[in-house]
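Q: Please read through the structure below; I'll follow up with questions.
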Amino acid sequence: MQGNGTRRNSIKLIYKAYIHTLLIIIFASVINVILDIIIGKEILFLPSIYLLVLPAFKFIQTSNFLELIPFAVFSTITVMIWYKCRNELFYPSDKSPKFIFISIFWYLLSTDFSIIASNLENTENLNAYNMIFCLVYLIFQIVVLYFKLMDYAKFIDERNQYKKLTANKIKREILKIRYTSVSNAMTLPFSFTLSAFVSCYILFYSGLVSIEVFTVIYIFLGICALCFTIDNFYQFNKFAKSTAVGFDKKLFKRKLIVCSISNLFIFAVSYVVICVLC
């Protein structure tokens with residue numbers, strides 16, 4: 001029992017270290033932007049998030065205050081993800097730690113990927129120390145995600161044991177959670193559409209103008225979205241046949257079809273937008 005308590009405290013300490021260091025990194029990035037604008041030089045601090053500092057670099061080059069709008073947008077997204085991660089780590093929830101995964105994706109995209117995209121034509125400008133720091137911190141984020149997934153799995157097991165659920169009932173409970181709302185079912189397909197657009201736009205903003213690369217990203221994530229869309233209908237049919245929960249199955253399926261078509265339309269329009277930008 002004492003060993004479990006020590007392990008629990010150690011994991012909480014790791015969670016606190018992650019949340020506080022990420023906040024420091026965000027704060028350092030903001031200070032980096034302010035300093036660069038004041039002195040008029042393109043300086044990147046070791047822990048800074050490159051995507052947050054990039055608008056300051058563009059502002060120094062163009063003196064266009066509109067370049068600071070992306071900084072406000074990127075900063076808001078980063079702070080929101082940090083806030084959601086904090087809630088997932090320190091507040092009990094029966095939901096999977098999706099924002100910690102999103103944080104890893106966003107951090108990788110806004111650091112090393114953005115640096116590489118910005119300096120493809122001149123690799124001498126690559127900030128090696130910043131990239132190494134970001135990779136090390138990325139590994140730390142993955143460790144945090146691993147521990148949180150273990151906690152989540154343990155929480156689900158304890159809840160199922162408390163409810164004395166059989167394997168069949170557990171599957172039914174999962175389907176019930178997923179298909180009591182259309183938004184639950186459409187989360188994964190839409191997240192792939194959003195990821196495709198956000199990834200391509202950030203790479204484009206960072207300086208990578210390659211319709212070939214963007215097309216590959218869209219094809220890969222589009223296949224993922226299509227697979228989960230097909231799975232939605234397959235799992236919904238299983239859910240509609242196997243559960244006694246009363247709901248309008250025809251109406252739900254109609255909504256699911258409309259949302260799937262809408263997601264396909266958004267996916268296509270977002271790709272067209274990227275092509276126009278290129």
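To be explicit about the labels: the chains of the structure tokens are called A, B, and onward in the order shown, and within each one the residues are counted from 1, while ligands get numbers from 1 in the order they are shown.
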Within 12 Å of stretch 137-147 of chain A, which residues of stretch 8-110 of chain A come that close, and what is the closest atom pair and distance in Å for each? Count only C-alpha atoms and give it as CSV.

A:
```
residue,atom,partner,partner_atom,distance
A:Arg8,CA,A:Phe147,CA,10.3
A:Ser10,CA,A:Phe147,CA,10.7
A:Ile11,CA,A:Phe147,CA,7.3
A:Lys12,CA,A:Phe147,CA,9.8
A:Leu13,CA,A:Val144,CA,10.6
A:Ile14,CA,A:Val144,CA,7.1
A:Tyr15,CA,A:Val144,CA,6.7
A:Lys16,CA,A:Val144,CA,10.1
A:Ala17,CA,A:Val144,CA,9.7
A:Tyr18,CA,A:Gln141,CA,7.2
A:Ile19,CA,A:Gln141,CA,9.9
A:Thr21,CA,A:Tyr137,CA,9.4
A:Leu22,CA,A:Tyr137,CA,9.2
A:Ile25,CA,A:Tyr137,CA,10.3
A:Leu46,CA,A:Tyr137,CA,11.6
A:Pro47,CA,A:Tyr137,CA,9.2
A:Ser48,CA,A:Tyr137,CA,11.5
A:Ile49,CA,A:Tyr137,CA,11.3
A:Cys85,CA,A:Leu145,CA,10.2
A:Arg86,CA,A:Val144,CA,11.8
A:Glu88,CA,A:Leu145,CA,10.6
A:Leu89,CA,A:Val144,CA,9.3
A:Ser96,CA,A:Leu145,CA,10.6
A:Pro97,CA,A:Leu145,CA,7.7
A:Lys98,CA,A:Leu145,CA,9.3
A:Phe99,CA,A:Leu145,CA,9.8
A:Ile100,CA,A:Leu145,CA,6.3
A:Phe101,CA,A:Leu145,CA,6.9
A:Ile102,CA,A:Leu145,CA,10.4
A:Ser103,CA,A:Gln141,CA,8.4
A:Ile104,CA,A:Gln141,CA,6.5
A:Phe105,CA,A:Leu138,CA,9.4
A:Trp106,CA,A:Leu138,CA,10.5
A:Tyr107,CA,A:Leu138,CA,7.6
A:Leu108,CA,A:Leu138,CA,7.1
A:Leu109,CA,A:Leu138,CA,10.9
A:Ser110,CA,A:Leu138,CA,11.6
```

Q: Write out as a PyMOL selection string each polymer residue whose atoms come within 9 Å of A:Phe71, counting only C-alpha atoms; drop sequence neighbours fewer than 2 positions from it.

A: chain A and resi 33+51-56+67-69+73-76

Q: Considering only C-alpha atoms, can you say which of A:Phe265, A:Tyr50, A:Phe90, A:Phe233 comes closest to A:Met186?

A: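 For A:Met186, the nearest of the candidates is A:Phe233.
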
Q: Residues of stretch 177-247 of chain A that have any atom at most 10 Å from an atom of stretch 266-271 of chain A: could you tabulate them with the shortest-distance atom pair and the distance in Å to one decimal, using only C-alpha atoms, ordered by chain and increasing number, as JSON lines?

A:
```
{"residue": "A:Pro189", "atom": "CA", "partner": "A:Phe267", "partner_atom": "CA", "distance": 9.9}
{"residue": "A:Phe190", "atom": "CA", "partner": "A:Phe267", "partner_atom": "CA", "distance": 8.5}
{"residue": "A:Phe192", "atom": "CA", "partner": "A:Phe267", "partner_atom": "CA", "distance": 9.0}
{"residue": "A:Thr193", "atom": "CA", "partner": "A:Phe267", "partner_atom": "CA", "distance": 5.5}
{"residue": "A:Leu194", "atom": "CA", "partner": "A:Phe267", "partner_atom": "CA", "distance": 8.0}
{"residue": "A:Ala196", "atom": "CA", "partner": "A:Phe267", "partner_atom": "CA", "distance": 8.3}
{"residue": "A:Phe197", "atom": "CA", "partner": "A:Ser270", "partner_atom": "CA", "distance": 6.1}
{"residue": "A:Val198", "atom": "CA", "partner": "A:Ser270", "partner_atom": "CA", "distance": 9.5}
{"residue": "A:Cys200", "atom": "CA", "partner": "A:Tyr271", "partner_atom": "CA", "distance": 9.1}
{"residue": "A:Tyr201", "atom": "CA", "partner": "A:Ser270", "partner_atom": "CA", "distance": 9.7}
{"residue": "A:Ile211", "atom": "CA", "partner": "A:Tyr271", "partner_atom": "CA", "distance": 9.9}
{"residue": "A:Phe214", "atom": "CA", "partner": "A:Tyr271", "partner_atom": "CA", "distance": 8.5}
{"residue": "A:Thr215", "atom": "CA", "partner": "A:Tyr271", "partner_atom": "CA", "distance": 8.1}
{"residue": "A:Tyr218", "atom": "CA", "partner": "A:Tyr271", "partner_atom": "CA", "distance": 7.4}
{"residue": "A:Leu221", "atom": "CA", "partner": "A:Phe267", "partner_atom": "CA", "distance": 9.9}
{"residue": "A:Gly222", "atom": "CA", "partner": "A:Phe267", "partner_atom": "CA", "distance": 7.9}
{"residue": "A:Ala225", "atom": "CA", "partner": "A:Phe267", "partner_atom": "CA", "distance": 9.5}
```

Q: Write the residues of the selection above to a file with all heavy atoms, as a compact mmCIF listing (two decimals), in the first residue's frame.

A:
```
# COMPACT_ATOMS: atom_id res chain seq x y z
N PRO A 189 -13.80 11.64 -36.94
CA PRO A 189 -13.72 12.06 -38.34
C PRO A 189 -13.46 13.56 -38.50
O PRO A 189 -12.63 13.97 -39.33
CB PRO A 189 -15.10 11.69 -38.90
CG PRO A 189 -15.54 10.55 -38.05
CD PRO A 189 -15.03 10.88 -36.69
N PHE A 190 -14.14 14.38 -37.69
CA PHE A 190 -13.94 15.83 -37.81
C PHE A 190 -12.56 16.24 -37.32
O PHE A 190 -11.96 17.17 -37.85
CB PHE A 190 -15.01 16.59 -37.03
CG PHE A 190 -14.89 18.08 -37.15
CD1 PHE A 190 -15.23 18.73 -38.33
CD2 PHE A 190 -14.39 18.84 -36.10
CE1 PHE A 190 -15.10 20.10 -38.47
CE2 PHE A 190 -14.26 20.21 -36.22
CZ PHE A 190 -14.62 20.85 -37.40
N PHE A 192 -9.81 14.65 -37.70
CA PHE A 192 -8.85 14.42 -38.79
C PHE A 192 -8.95 15.51 -39.85
O PHE A 192 -7.93 15.94 -40.40
CB PHE A 192 -9.07 13.04 -39.41
CG PHE A 192 -8.55 11.91 -38.58
CD1 PHE A 192 -9.41 11.02 -37.96
CD2 PHE A 192 -7.18 11.74 -38.38
CE1 PHE A 192 -8.93 9.98 -37.18
CE2 PHE A 192 -6.69 10.71 -37.60
CZ PHE A 192 -7.57 9.83 -37.00
N THR A 193 -10.17 15.97 -40.13
CA THR A 193 -10.35 17.08 -41.07
C THR A 193 -9.69 18.34 -40.54
O THR A 193 -8.96 19.04 -41.26
CB THR A 193 -11.86 17.34 -41.30
OG1 THR A 193 -12.43 16.19 -41.92
CG2 THR A 193 -12.07 18.55 -42.19
N LEU A 194 -9.92 18.62 -39.26
CA LEU A 194 -9.34 19.81 -38.64
C LEU A 194 -7.82 19.70 -38.58
O LEU A 194 -7.11 20.68 -38.85
CB LEU A 194 -9.91 19.98 -37.23
CG LEU A 194 -9.51 21.24 -36.46
CD1 LEU A 194 -10.00 22.48 -37.20
CD2 LEU A 194 -10.08 21.21 -35.05
N ALA A 196 -5.86 18.07 -40.61
CA ALA A 196 -5.30 18.24 -41.95
C ALA A 196 -5.17 19.71 -42.30
O ALA A 196 -4.12 20.17 -42.77
CB ALA A 196 -6.18 17.53 -42.98
N PHE A 197 -6.23 20.48 -42.04
CA PHE A 197 -6.20 21.90 -42.39
C PHE A 197 -5.21 22.67 -41.52
O PHE A 197 -4.41 23.46 -42.02
CB PHE A 197 -7.60 22.51 -42.23
CG PHE A 197 -7.64 23.98 -42.56
CD1 PHE A 197 -7.55 24.42 -43.87
CD2 PHE A 197 -7.75 24.92 -41.54
CE1 PHE A 197 -7.57 25.77 -44.17
CE2 PHE A 197 -7.77 26.28 -41.84
CZ PHE A 197 -7.67 26.71 -43.16
N VAL A 198 -5.26 22.43 -40.20
CA VAL A 198 -4.36 23.14 -39.28
C VAL A 198 -2.90 22.83 -39.59
O VAL A 198 -2.06 23.74 -39.64
CB VAL A 198 -4.70 22.78 -37.82
CG1 VAL A 198 -3.63 23.32 -36.88
CG2 VAL A 198 -6.06 23.34 -37.42
N CYS A 200 -1.50 21.79 -42.45
CA CYS A 200 -1.08 22.38 -43.73
C CYS A 200 -0.97 23.89 -43.64
O CYS A 200 -0.04 24.50 -44.18
CB CYS A 200 -2.04 21.97 -44.84
SG CYS A 200 -1.96 20.22 -45.26
N TYR A 201 -1.93 24.52 -42.93
CA TYR A 201 -1.88 25.98 -42.83
C TYR A 201 -0.65 26.44 -42.06
O TYR A 201 0.03 27.39 -42.45
CB TYR A 201 -3.13 26.52 -42.16
CG TYR A 201 -3.06 28.03 -41.97
CD1 TYR A 201 -3.25 28.89 -43.05
CD2 TYR A 201 -2.73 28.57 -40.73
CE1 TYR A 201 -3.15 30.27 -42.89
CE2 TYR A 201 -2.61 29.95 -40.57
CZ TYR A 201 -2.83 30.79 -41.65
OH TYR A 201 -2.70 32.15 -41.49
N ILE A 211 2.32 21.94 -52.65
CA ILE A 211 1.01 21.31 -52.79
C ILE A 211 1.13 19.79 -52.74
O ILE A 211 0.20 19.09 -52.30
CB ILE A 211 0.33 21.76 -54.11
CG1 ILE A 211 -1.12 21.31 -54.13
CG2 ILE A 211 1.09 21.25 -55.30
CD1 ILE A 211 -1.97 21.89 -53.04
N PHE A 214 1.21 18.88 -49.00
CA PHE A 214 -0.12 19.10 -48.44
C PHE A 214 -1.12 18.05 -48.92
O PHE A 214 -1.99 17.61 -48.15
CB PHE A 214 -0.62 20.51 -48.80
CG PHE A 214 0.24 21.62 -48.26
CD1 PHE A 214 0.28 22.85 -48.88
CD2 PHE A 214 1.02 21.42 -47.13
CE1 PHE A 214 1.07 23.88 -48.39
CE2 PHE A 214 1.83 22.44 -46.62
CZ PHE A 214 1.85 23.67 -47.26
N THR A 215 -0.98 17.64 -50.18
CA THR A 215 -1.88 16.62 -50.73
C THR A 215 -1.67 15.28 -50.03
O THR A 215 -2.64 14.57 -49.69
CB THR A 215 -1.65 16.45 -52.25
OG1 THR A 215 -1.92 17.69 -52.91
CG2 THR A 215 -2.57 15.38 -52.81
N TYR A 218 -3.31 15.47 -46.67
CA TYR A 218 -4.77 15.37 -46.79
C TYR A 218 -5.22 13.96 -47.15
O TYR A 218 -6.24 13.49 -46.64
CB TYR A 218 -5.27 16.38 -47.84
CG TYR A 218 -5.81 17.65 -47.21
CD1 TYR A 218 -4.96 18.70 -46.90
CD2 TYR A 218 -7.15 17.78 -46.90
CE1 TYR A 218 -5.44 19.86 -46.31
CE2 TYR A 218 -7.65 18.92 -46.32
CZ TYR A 218 -6.80 19.97 -46.02
OH TYR A 218 -7.28 21.10 -45.43
N LEU A 221 -4.77 11.73 -43.85
CA LEU A 221 -5.77 12.03 -42.82
C LEU A 221 -7.19 11.83 -43.34
O LEU A 221 -8.10 11.51 -42.59
CB LEU A 221 -5.57 13.45 -42.30
CG LEU A 221 -4.26 13.69 -41.54
CD1 LEU A 221 -4.12 15.14 -41.12
CD2 LEU A 221 -4.18 12.78 -40.32
N GLY A 222 -7.37 12.01 -44.67
CA GLY A 222 -8.68 11.77 -45.26
C GLY A 222 -9.05 10.30 -45.19
O GLY A 222 -10.21 9.95 -44.93
N ALA A 225 -10.13 9.64 -41.67
CA ALA A 225 -11.48 10.17 -41.44
C ALA A 225 -12.53 9.26 -42.08
O ALA A 225 -13.58 8.99 -41.48
CB ALA A 225 -11.58 11.59 -42.01
```

Q: Please extract the residues of stretch 15-249 of chain A with a backbone DSSP assignment of alpha helix (DSSP H) and present them as a PyMOL selection string.

A: chain A and resi 15-39+50-62+68-90+98-108+114-118+128-163+167-178+182-206+211-242+249

Q: Mind giving me the straight-line distance from atom CA of A:Ala153 to atom CA of A:Asn9 in Å, one decimal?

A: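 Answer for the atom CA of A:Ala153 to atom CA of A:Asn9 separation: 18.0 Å.
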
Q: Between atom CA of A:Ser114 and atom CA of A:Leu203, what is the distance, to one decimal in Å?

A: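 Taking atom CA of A:Ser114 and atom CA of A:Leu203, their separation equals 6.1 Å.
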
Q: To one decimal place in Å, what is the distance between atom CA of A:Cys278 and atom CA of A:Ser210?

A: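 Computed distance, atom CA of A:Cys278 to atom CA of A:Ser210, equals 7.2 Å.
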
Q: Taking into account only C-alpha atoms, which residue in the set A:Ile26, A:Leu251, A:Leu226, A:Ala72 is nearest to A:Phe45?

A: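 Going through A:Ile26, A:Leu251, A:Leu226, A:Ala72 one by one, the smallest distance to A:Phe45 is for A:Ile26.
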
Q: Considering only C-alpha atoms, state which residue in the set A:Tyr83, A:Ile230, A:Gln61, A:Leu120 is at the smallest distance from A:Ile261.

A: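 For A:Ile261, the nearest of the given residues is A:Ile230.
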